[in-house]
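Structure file coords_8.txt (compact mmCIF, C-alpha atoms and all ligand atoms) follows.
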```txt
# COMPACT_ATOMS: atom_id res chain seq x y z
CA MET A 11 131.92 56.02 117.16
CA THR A 12 135.52 55.71 116.11
CA ALA A 13 136.19 56.51 112.46
CA ILE A 14 139.77 55.26 112.40
CA LEU A 15 141.49 52.90 114.79
CA ALA A 16 145.01 51.51 114.52
CA GLU A 17 146.63 49.17 117.00
CA GLY A 18 150.31 48.31 116.81
CA LEU A 19 150.40 48.91 113.07
CA TYR A 20 153.66 48.13 111.24
CA ALA A 21 154.73 48.42 107.61
CA TYR A 22 158.12 47.14 106.53
CA TYR A 23 159.79 47.76 103.21
CA GLY A 24 162.37 45.00 103.27
CA THR A 25 163.87 45.10 106.73
CA THR A 26 163.20 48.81 107.33
CA PRO A 27 160.04 49.84 109.16
CA ALA A 28 158.27 52.76 107.48
CA VAL A 29 155.50 52.57 110.07
CA ASN A 30 156.74 51.36 113.40
CA GLY A 31 153.97 50.39 115.82
CA LEU A 32 151.30 53.00 115.21
CA ASP A 33 148.39 53.39 117.63
CA LEU A 34 145.75 55.83 116.50
CA THR A 35 142.16 56.74 117.36
CA VAL A 36 140.22 59.24 115.29
CA ALA A 37 136.71 60.13 116.43
CA ASP A 38 133.83 60.19 113.98
CA GLY A 39 133.45 63.63 112.42
CA ALA A 40 136.86 64.85 113.53
CA THR A 41 139.46 66.58 111.42
CA TYR A 42 142.74 64.87 112.20
CA GLY A 43 146.12 66.16 111.10
CA PHE A 44 149.03 63.81 110.63
CA LEU A 45 152.02 66.09 110.67
CA GLY A 46 155.48 64.89 109.79
CA PRO A 47 158.52 65.61 107.65
CA ASN A 48 159.44 63.94 104.35
CA GLY A 49 159.91 60.21 104.69
CA ALA A 50 158.14 60.04 108.08
CA GLY A 51 155.80 57.29 106.83
CA LYS A 52 152.65 59.36 106.26
CA THR A 53 151.82 57.98 102.82
CA THR A 54 152.56 54.44 103.98
CA THR A 55 150.13 54.95 106.88
CA ILE A 56 147.41 56.22 104.54
CA SER A 57 148.06 53.32 102.16
CA MET A 58 147.40 50.83 104.94
CA LEU A 59 144.32 52.65 106.26
CA THR A 60 142.86 52.80 102.76
CA THR A 61 143.49 49.06 102.10
CA LEU A 62 146.10 49.70 99.37
CA LEU A 63 148.95 48.22 101.39
CA LYS A 64 148.68 45.24 103.69
CA PRO A 65 150.03 45.92 107.18
CA THR A 66 153.08 43.82 108.07
CA ALA A 67 151.69 43.52 111.60
CA GLY A 68 149.00 45.00 113.79
CA ARG A 69 145.49 45.91 112.85
CA ALA A 70 143.40 48.85 111.74
CA GLU A 71 139.71 49.59 111.42
CA VAL A 72 138.16 52.29 109.27
CA ALA A 73 134.45 53.14 109.54
CA GLY A 74 134.07 50.11 111.78
CA PHE A 75 135.62 47.51 109.43
CA ASP A 76 138.98 45.79 109.61
CA VAL A 77 141.16 46.97 106.70
CA ALA A 78 142.75 43.55 106.14
CA ALA A 79 139.70 41.33 106.72
CA ARG A 80 136.97 43.53 105.16
CA PRO A 81 138.69 45.74 102.56
CA ALA A 82 135.63 46.03 100.31
CA GLU A 83 133.52 47.35 103.19
CA VAL A 84 136.21 49.89 104.02
CA ARG A 85 136.58 51.02 100.40
CA ARG A 86 132.87 51.63 100.11
CA ARG A 87 133.06 54.13 102.96
CA ILE A 88 136.20 56.10 102.18
CA GLY A 89 137.44 58.68 99.71
CA ILE A 90 141.11 59.19 98.87
CA VAL A 91 143.02 62.18 97.57
CA PHE A 92 146.49 60.94 96.67
CA GLN A 93 149.70 62.86 97.20
CA GLU A 94 150.53 62.77 93.51
CA SER A 95 147.85 63.88 91.09
CA THR A 96 146.13 60.93 89.45
CA LEU A 97 143.80 62.92 87.19
CA ASP A 98 143.73 62.16 83.50
CA MET A 99 145.02 65.36 81.93
CA ASP A 100 143.44 64.62 78.54
CA LEU A 101 139.94 64.30 79.98
CA THR A 102 137.66 67.08 81.11
CA ALA A 103 136.71 67.56 84.76
CA VAL A 104 133.35 65.84 84.20
CA GLU A 105 134.97 62.94 82.33
CA ASN A 106 137.43 62.40 85.18
CA LEU A 107 134.57 62.35 87.65
CA ARG A 108 132.50 60.04 85.44
CA PHE A 109 135.38 57.57 85.36
CA GLN A 110 135.45 57.59 89.15
CA ALA A 111 131.65 57.23 89.34
CA ASP A 112 131.96 54.08 87.22
CA LEU A 113 134.56 52.72 89.65
CA CYS A 114 132.19 53.48 92.53
CA GLY A 115 129.49 51.51 90.70
CA LEU A 116 127.06 54.43 90.44
CA THR A 117 124.28 54.18 87.90
CA ARG A 118 124.31 56.69 85.05
CA ARG A 119 121.61 58.77 86.61
CA ALA A 120 123.13 58.67 90.11
CA ALA A 121 126.50 59.58 88.59
CA ARG A 122 125.05 62.59 86.81
CA ALA A 123 123.50 63.89 90.02
CA ALA A 124 126.58 63.20 92.13
CA ILE A 125 128.94 64.81 89.61
CA SER A 126 126.88 67.93 89.30
CA GLY A 127 126.57 68.15 93.10
CA MET A 128 130.31 67.78 93.59
CA LEU A 129 131.21 70.33 90.91
CA ASP A 130 128.80 72.70 92.57
CA MET A 131 130.20 72.13 96.04
CA MET A 132 133.79 72.64 94.94
CA GLU A 133 132.78 75.62 92.76
CA LEU A 134 133.92 73.98 89.56
CA THR A 135 130.62 73.90 87.67
CA GLU A 136 131.72 76.36 85.02
CA ARG A 137 134.85 74.33 84.32
CA GLY A 138 133.18 70.96 83.99
CA ASP A 139 133.90 70.67 80.28
CA THR A 140 137.45 72.04 80.41
CA PRO A 141 140.29 69.55 79.88
CA VAL A 142 142.16 69.15 83.16
CA ARG A 143 145.43 69.99 81.38
CA GLN A 144 144.21 73.60 81.34
CA PHE A 145 143.54 73.63 85.10
CA SER A 146 145.83 75.40 87.56
CA THR A 147 147.36 73.31 90.36
CA GLY A 148 144.76 74.63 92.81
CA LEU A 149 141.84 73.76 90.54
CA ARG A 150 143.24 70.27 90.02
CA ARG A 151 143.43 69.78 93.76
CA ARG A 152 139.83 70.87 94.15
CA LEU A 153 138.79 68.50 91.40
CA GLU A 154 140.64 65.68 93.12
CA ILE A 155 138.82 66.42 96.35
CA ALA A 156 135.53 66.42 94.44
CA ARG A 157 136.49 63.04 92.99
CA GLY A 158 137.40 61.71 96.45
CA LEU A 159 133.92 62.65 97.64
CA LEU A 160 131.97 61.10 94.77
CA GLY A 161 131.15 57.84 96.51
CA ASN A 162 129.70 59.81 99.47
CA PRO A 163 132.42 58.64 101.89
CA ARG A 164 132.21 58.77 105.67
CA VAL A 165 135.97 59.14 105.95
CA LEU A 166 138.05 61.23 103.57
CA PHE A 167 141.81 60.63 103.42
CA LEU A 168 143.92 63.38 101.93
CA ASP A 169 147.67 62.96 101.47
CA GLU A 170 149.22 66.43 101.53
CA PRO A 171 146.20 68.10 99.95
CA THR A 172 147.74 71.55 99.93
CA THR A 173 151.43 70.96 99.27
CA GLY A 174 152.62 73.14 96.43
CA LEU A 175 149.65 75.51 96.65
CA ASP A 176 150.05 79.21 97.34
CA ALA A 177 148.64 80.59 100.58
CA GLN A 178 145.46 81.89 98.96
CA THR A 179 144.66 78.62 97.18
CA ARG A 180 145.48 76.66 100.30
CA ALA A 181 142.99 78.79 102.24
CA ALA A 182 140.37 78.13 99.55
CA VAL A 183 140.92 74.36 99.76
CA TRP A 184 140.51 74.53 103.53
CA GLU A 185 137.38 76.58 103.22
CA HIS A 186 135.89 73.74 101.16
CA LEU A 187 137.13 71.04 103.52
CA ASN A 188 135.82 72.84 106.59
CA ARG A 189 132.43 73.30 104.93
CA LEU A 190 132.28 69.61 104.07
CA ARG A 191 132.93 68.71 107.59
CA ARG A 192 130.31 71.14 108.93
CA GLU A 193 127.64 70.20 106.44
CA GLU A 194 128.27 66.50 105.91
CA GLY A 195 129.84 65.53 109.24
CA ILE A 196 132.59 63.75 107.33
CA THR A 197 135.77 62.59 109.09
CA VAL A 198 138.84 64.16 107.51
CA PHE A 199 142.27 62.57 107.93
CA PHE A 200 145.02 64.51 106.22
CA THR A 201 148.78 64.58 106.17
CA THR A 202 150.89 67.66 105.96
CA HIS A 203 154.24 69.15 106.75
CA GLN A 204 152.84 72.64 106.80
CA LEU A 205 152.88 73.73 110.41
CA GLU A 206 150.13 76.27 110.03
CA GLU A 207 147.60 73.68 108.84
CA ALA A 208 147.32 72.36 112.37
CA GLU A 209 144.90 75.23 112.94
CA HIS A 210 142.23 73.27 111.05
CA CYS A 211 142.49 70.17 113.26
CA ASP A 212 140.60 68.88 116.25
CA ARG A 213 143.59 66.73 116.97
CA ILE A 214 147.10 66.42 115.62
CA ALA A 215 149.64 63.63 115.68
CA ILE A 216 153.23 64.63 115.18
CA PHE A 217 154.80 61.73 113.41
CA ASP A 218 158.36 60.87 112.43
CA ARG A 219 160.31 57.73 111.57
CA GLY A 220 157.15 55.65 111.66
CA LYS A 221 156.16 56.67 115.16
CA VAL A 222 153.82 59.17 116.78
CA ILE A 223 155.99 61.56 118.73
CA THR A 224 153.10 63.31 120.41
CA GLU A 225 149.35 63.54 119.95
CA GLY A 226 146.67 65.88 121.21
CA SER A 227 144.49 68.87 120.56
CA PRO A 228 146.30 72.01 119.44
CA ALA A 229 145.73 73.47 122.91
CA GLU A 230 147.12 70.35 124.61
CA LEU A 231 150.21 70.42 122.45
CA LYS A 232 150.69 74.01 123.35
CA SER A 233 150.32 73.28 127.05
CA ILE A 234 153.07 70.65 126.84
CA ILE A 235 155.50 73.32 125.84
CA GLY A 236 153.65 75.57 128.20
CA ALA A 237 154.76 78.97 127.86
CA ASP A 238 155.06 82.10 125.88
CA ARG A 239 158.50 83.64 126.02
CA VAL A 240 158.62 87.26 127.09
CA VAL A 241 161.80 89.31 126.77
CA LEU A 242 161.69 92.57 128.66
CA ARG A 243 163.97 95.58 128.83
CA THR A 244 163.44 98.21 131.47
CA GLU A 245 165.26 101.26 132.77
CA ASP A 246 166.82 99.02 135.44
CA ASP A 247 166.70 95.29 134.76
CA ALA A 248 168.16 94.30 138.12
CA ARG A 249 165.42 96.13 140.02
CA ALA A 250 162.85 94.85 137.53
CA ALA A 251 163.88 91.25 138.26
CA GLY A 252 163.23 91.88 141.97
CA ALA A 253 159.87 93.50 141.27
CA LEU A 254 158.82 90.65 138.96
CA SER A 255 159.53 88.17 141.68
CA GLU A 256 157.82 90.17 144.46
CA ARG A 257 154.78 91.49 142.63
CA PHE A 258 154.19 88.86 139.97
CA GLY A 259 155.81 85.76 141.45
CA LEU A 260 157.82 85.35 138.23
CA VAL A 261 161.39 84.20 137.85
CA ALA A 262 163.25 86.35 135.35
CA GLU A 263 166.44 85.17 133.71
CA PRO A 264 168.90 87.90 132.71
CA THR A 265 170.09 87.54 129.09
CA PRO A 266 171.99 89.88 126.78
CA ASP A 267 168.64 90.75 125.15
CA GLY A 268 166.95 91.61 128.46
CA LEU A 269 165.07 89.71 131.12
CA ARG A 270 163.57 86.47 129.87
CA LEU A 271 160.38 85.07 131.37
CA ARG A 272 158.20 82.08 130.64
CA VAL A 273 154.53 82.76 131.21
CA SER A 274 151.29 81.04 130.26
CA ASP A 275 149.73 84.09 128.62
CA GLY A 276 152.18 86.71 127.46
CA ALA A 277 149.55 88.88 125.85
CA THR A 278 147.75 89.63 129.12
CA LEU A 279 150.93 89.98 131.15
CA VAL A 280 152.49 92.72 129.06
CA PRO A 281 149.95 95.49 129.83
CA ARG A 282 150.16 94.64 133.54
CA LEU A 283 153.93 94.86 133.42
CA CYS A 284 153.71 98.33 131.93
CA THR A 285 151.36 99.61 134.63
CA ASP A 286 152.32 97.63 137.74
CA LEU A 287 156.07 97.06 137.51
CA GLY A 288 156.91 100.52 138.83
CA LEU A 289 159.74 100.91 136.30
CA ALA A 290 159.74 102.26 132.77
CA VAL A 291 159.53 99.44 130.20
CA ARG A 292 161.80 100.13 127.22
CA SER A 293 160.91 97.15 125.04
CA VAL A 294 159.07 93.88 125.27
CA THR A 295 158.66 90.96 122.89
CA VAL A 296 156.29 88.01 123.26
CA THR A 297 156.90 84.78 121.34
CA SER A 298 154.38 81.95 121.27
CA PRO A 299 155.60 78.39 120.89
CA THR A 300 155.44 76.95 117.38
CA LEU A 301 154.87 73.36 116.32
CA ASP A 302 158.56 73.42 115.56
CA ASP A 303 159.09 73.96 119.29
CA VAL A 304 156.88 70.96 120.05
CA PHE A 305 158.92 68.91 117.61
CA LEU A 306 162.18 70.14 119.10
CA HIS A 307 160.93 69.48 122.60
CA HIS A 308 160.14 65.84 121.82
CA THR A 309 162.87 64.90 119.38
CA GLY A 310 165.72 67.28 120.00
CA THR A 311 165.67 68.23 116.34
CA THR A 312 163.69 70.78 114.40
CA ILE A 313 161.15 69.58 111.91
CA ARG A 314 162.93 68.63 108.70
CA GLU A 315 161.89 70.04 105.38
CA SER A 316 159.09 72.01 106.93
CA GLY A 317 156.95 74.16 104.68
CA SER A 318 157.35 77.88 104.34
CA GLY A 319 155.10 78.63 107.24
CA ALA A 320 155.89 79.47 110.81
CA GLY A 321 152.39 78.79 112.09
CA THR A 322 152.32 79.42 115.79
CA LEU A 323 150.32 77.37 118.20
CA SER A 324 148.67 80.55 119.38
CA ASN A 325 146.72 80.79 116.13
CA ILE A 326 146.03 77.08 115.87
CA GLY A 327 142.87 77.29 117.96
CA GLU A 328 141.24 79.57 115.42
CA GLY A 329 140.21 76.66 113.23
CA LEU A 330 138.17 75.19 116.07
CA ARG A 331 135.69 77.99 116.51
N1 LIG B 401 157.61 51.26 97.84
C1 LIG B 401 158.62 51.51 98.70
N2 LIG B 401 159.70 50.71 98.77
C2 LIG B 401 160.71 50.91 99.63
N3 LIG B 401 160.74 51.94 100.52
C3 LIG B 401 159.69 52.78 100.52
C4 LIG B 401 158.58 52.62 99.60
N4 LIG B 401 157.69 53.60 99.84
C5 LIG B 401 158.22 54.36 100.83
N5 LIG B 401 159.43 53.87 101.25
C6 LIG B 401 160.25 54.41 102.33
O1 LIG B 401 159.48 54.41 103.53
C7 LIG B 401 159.67 55.60 104.27
C8 LIG B 401 158.35 56.31 104.46
O2 LIG B 401 157.87 56.75 103.19
P1 LIG B 401 156.50 57.52 103.01
O3 LIG B 401 156.32 57.77 101.56
O4 LIG B 401 155.42 56.77 103.72
O5 LIG B 401 156.80 58.88 103.80
P2 LIG B 401 155.98 60.25 103.78
O6 LIG B 401 155.88 60.68 105.19
O7 LIG B 401 154.74 60.10 103.00
O8 LIG B 401 156.99 61.25 103.04
P3 LIG B 401 156.66 62.52 102.07
O9 LIG B 401 156.37 63.67 102.99
O10 LIG B 401 157.94 62.73 101.34
O11 LIG B 401 155.52 62.16 101.18
C9 LIG B 401 160.70 56.39 103.51
O12 LIG B 401 161.95 56.15 104.07
C10 LIG B 401 160.61 55.86 102.10
O13 LIG B 401 161.84 55.98 101.45
MG MG B 402 153.98 61.02 101.37
```
Representation of the structure as structure tokens:
Amino acid sequence: MTAILAEGLYAYYGTTPAVNGLDLTVADGATYGFLGPNGAGKTTTISMLTTLLKPTAGRAEVAGFDVAARPAEVRRRIGIVFQESTLDMDLTAVENLRFQADLCGLTRRAARAAISGMLDMMELTERGDTPVRQFSTGLRRRLEIARGLLGNPRVLFLDEPTTGLDAQTRAAVWEHLNRLRREEGITVFFTTHQLEEAEHCDRIAIFDRGKVITEGSPAELKSIIGADRVVLRTEDDARAAGALSERFGLVAEPTPDGLRLRVSDGATLVPRLCTDLGLAVRSVTVTSPTLDDVFLHHTGTTIRESGSGAGTLSNIGEGLR
């Protein structure tokens, strides 16, 4: 089944399109990353998919229901974690969750069970009676995720769930999200401009100016760019270039830094070079393509306002194991 489907989706603010003809398919149970810089239209997309903003044109279905025609059915099946915190700082964690349980229409008893289950899952049980004002940013985020899950959604939307979190807290949030997905089979759709978060996705869309620039699995995106870059210095680069061509069938480009090669798997080539080239290797560097490279490849510009990370596509596959 398809958890999220968008066909020719547009959102205009005045005469400017914030979402400009979006086509999207997210499989049930998938974790889908929507990666784009500030102002790309990520929040606008989530607003339409979660029935908070009416599409100007096109259509979308979430959990099998049309967002414009059947918004109540959609709302019953989704959870939302907004980009900006919407917790009530003066209330405790439990009180915030109870408020949400009321909105979900849970009975008192069902609410009590759901709240205690969620606090447990997000490891917040001991802080249930603490006013949210005293929570760190990371704890607040976890509480917001707990709140998003209260209605037992099939699809969870998270708008930049980890922006502003330090690396350790971000890892903790992902640990919880990955567990949810394993244990509950929930579909997770999240936006980010942190390159390294792509490692948690089954599929990624790279999105800018209201359009998907490219879409695929992390491995597919890597294969578009293709290659690792290897820069090699030997005792005699001219002879090395000849040997690379004859013995390895590789075209080496001389640069001031050494011979530059593009190969599919730099890590396995390097040991072979050292043993089979027949020349002493002085230095070698291997660089894997980054999502920034993918962005550059498709748009001619680097990703704007990217996060601190330089997550490489080589480590992206790790989240899939
Ligand atoms: N209510 C609004 N009225 C007018 N323009 C808007 C409104 N909301 C967003 N925009 C514009 O639409 C574009 C997309 O905004 P959106 O918030 O969807 O981007 P985003 O990808 O979520 O960005 P960020 O990473 O900063 O959260 C931007 O140019 C923004 O200025
Ligand atoms: Mg946004």
Ranking A:Ile216, A:Val104, A:Leu34, A:Ala70 by minimum distance to ligand LIG 401 (chain B) and counting only C-alpha atoms and all ligand atoms, which one comes first? A:Ile216
List all protein, DNA and RNA residues that have at least one atom no more than 7 Å from any atom of ligand MG 402 (chain B), counting only C-alpha atoms and all ligand atoms, and write them as a count of residues only. 7
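The coordinates place CA of Gln204 (chain A) at 24.7 Å from CA of Leu19 (chain A).
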Would you list the residues that come within 12 Å of ligand LIG 401 (chain B)? Count only C-alpha atoms and all ligand atoms and give the answer as a ChimeraX atom specification. /A:20-30,44-58,62-63,92-94,168-171,173,200-204,216-222,313-317
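Proximity to Arg85 (chain A) was assessed for A:Leu113, A:Ala237, A:Ala215, A:Leu269 counting all atoms listed in the file; the smallest distance is recorded for A:Leu113.
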Which of these, A:Thr66, A:Thr60, A:Thr265, A:Thr41, has the shortest distance to His210 (chain A) once you count all atoms listed in the file? A:Thr41
Near Trp184 (chain A), within 9 Å and counting all atoms listed in the file, which residues show up once chain neighbours fewer than 3 positions away are dropped, as a PyMOL selection string? chain A and resi 172+179-181+187-189+207+210
Next, write the just-selected residues to a file, as a PDB file, in the coordinates of the input, keeping C-alpha atoms as the atom set.
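Heads up, here's the output in selection.pdb:
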```pdb
ATOM      1  CA  THR A 172     147.740  71.550  99.930  1.00  0.00           C
ATOM      2  CA  THR A 179     144.660  78.620  97.180  1.00  0.00           C
ATOM      3  CA  ARG A 180     145.480  76.660 100.300  1.00  0.00           C
ATOM      4  CA  ALA A 181     142.990  78.790 102.240  1.00  0.00           C
ATOM      5  CA  LEU A 187     137.130  71.040 103.520  1.00  0.00           C
ATOM      6  CA  ASN A 188     135.820  72.840 106.590  1.00  0.00           C
ATOM      7  CA  ARG A 189     132.430  73.300 104.930  1.00  0.00           C
ATOM      8  CA  GLU A 207     147.600  73.680 108.840  1.00  0.00           C
ATOM      9  CA  HIS A 210     142.230  73.270 111.050  1.00  0.00           C
TER      10      HIS A 210
END
```
Between A:Arg86, A:His307, A:Lys232, A:Arg272, which residue has the minimum interatomic distance to Gly74 (chain A), considering all atoms listed in the file? A:Arg86
Correct to one decimal, the distance CA of Cys284 (chain A)-CA of Pro299 (chain A) is 22.9 Å
Centre and edge lengths of an axis-aligned box around all listed atoms of region 188-203 of chain A, with 5 Å added on each side, are to be given in Å to one decimal, as lines of an AutoDock Vina configuration file.
```
center_x = 140.9
center_y = 67.9
center_z = 106.7
size_x = 36.6
size_y = 20.7
size_z = 15.2
```
Report, in Å to a single decimal, how far apart CA of Glu185 (chain A) and CA of Leu160 (chain A) are. 18.4 Å
I'd like to know which of A:Gly158, A:Met132, A:Gly226, A:Ile196 is closest to Ile214 (chain A), using only C-alpha atoms.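 Going through A:Gly158, A:Met132, A:Gly226, A:Ile196 one by one, the smallest distance to Ile214 (chain A) is for A:Gly226.
Closest approach to Leu283 (chain A) among A:Phe305, A:Phe145, A:Phe258, A:Phe167: A:Phe258, based on only C-alpha atoms.
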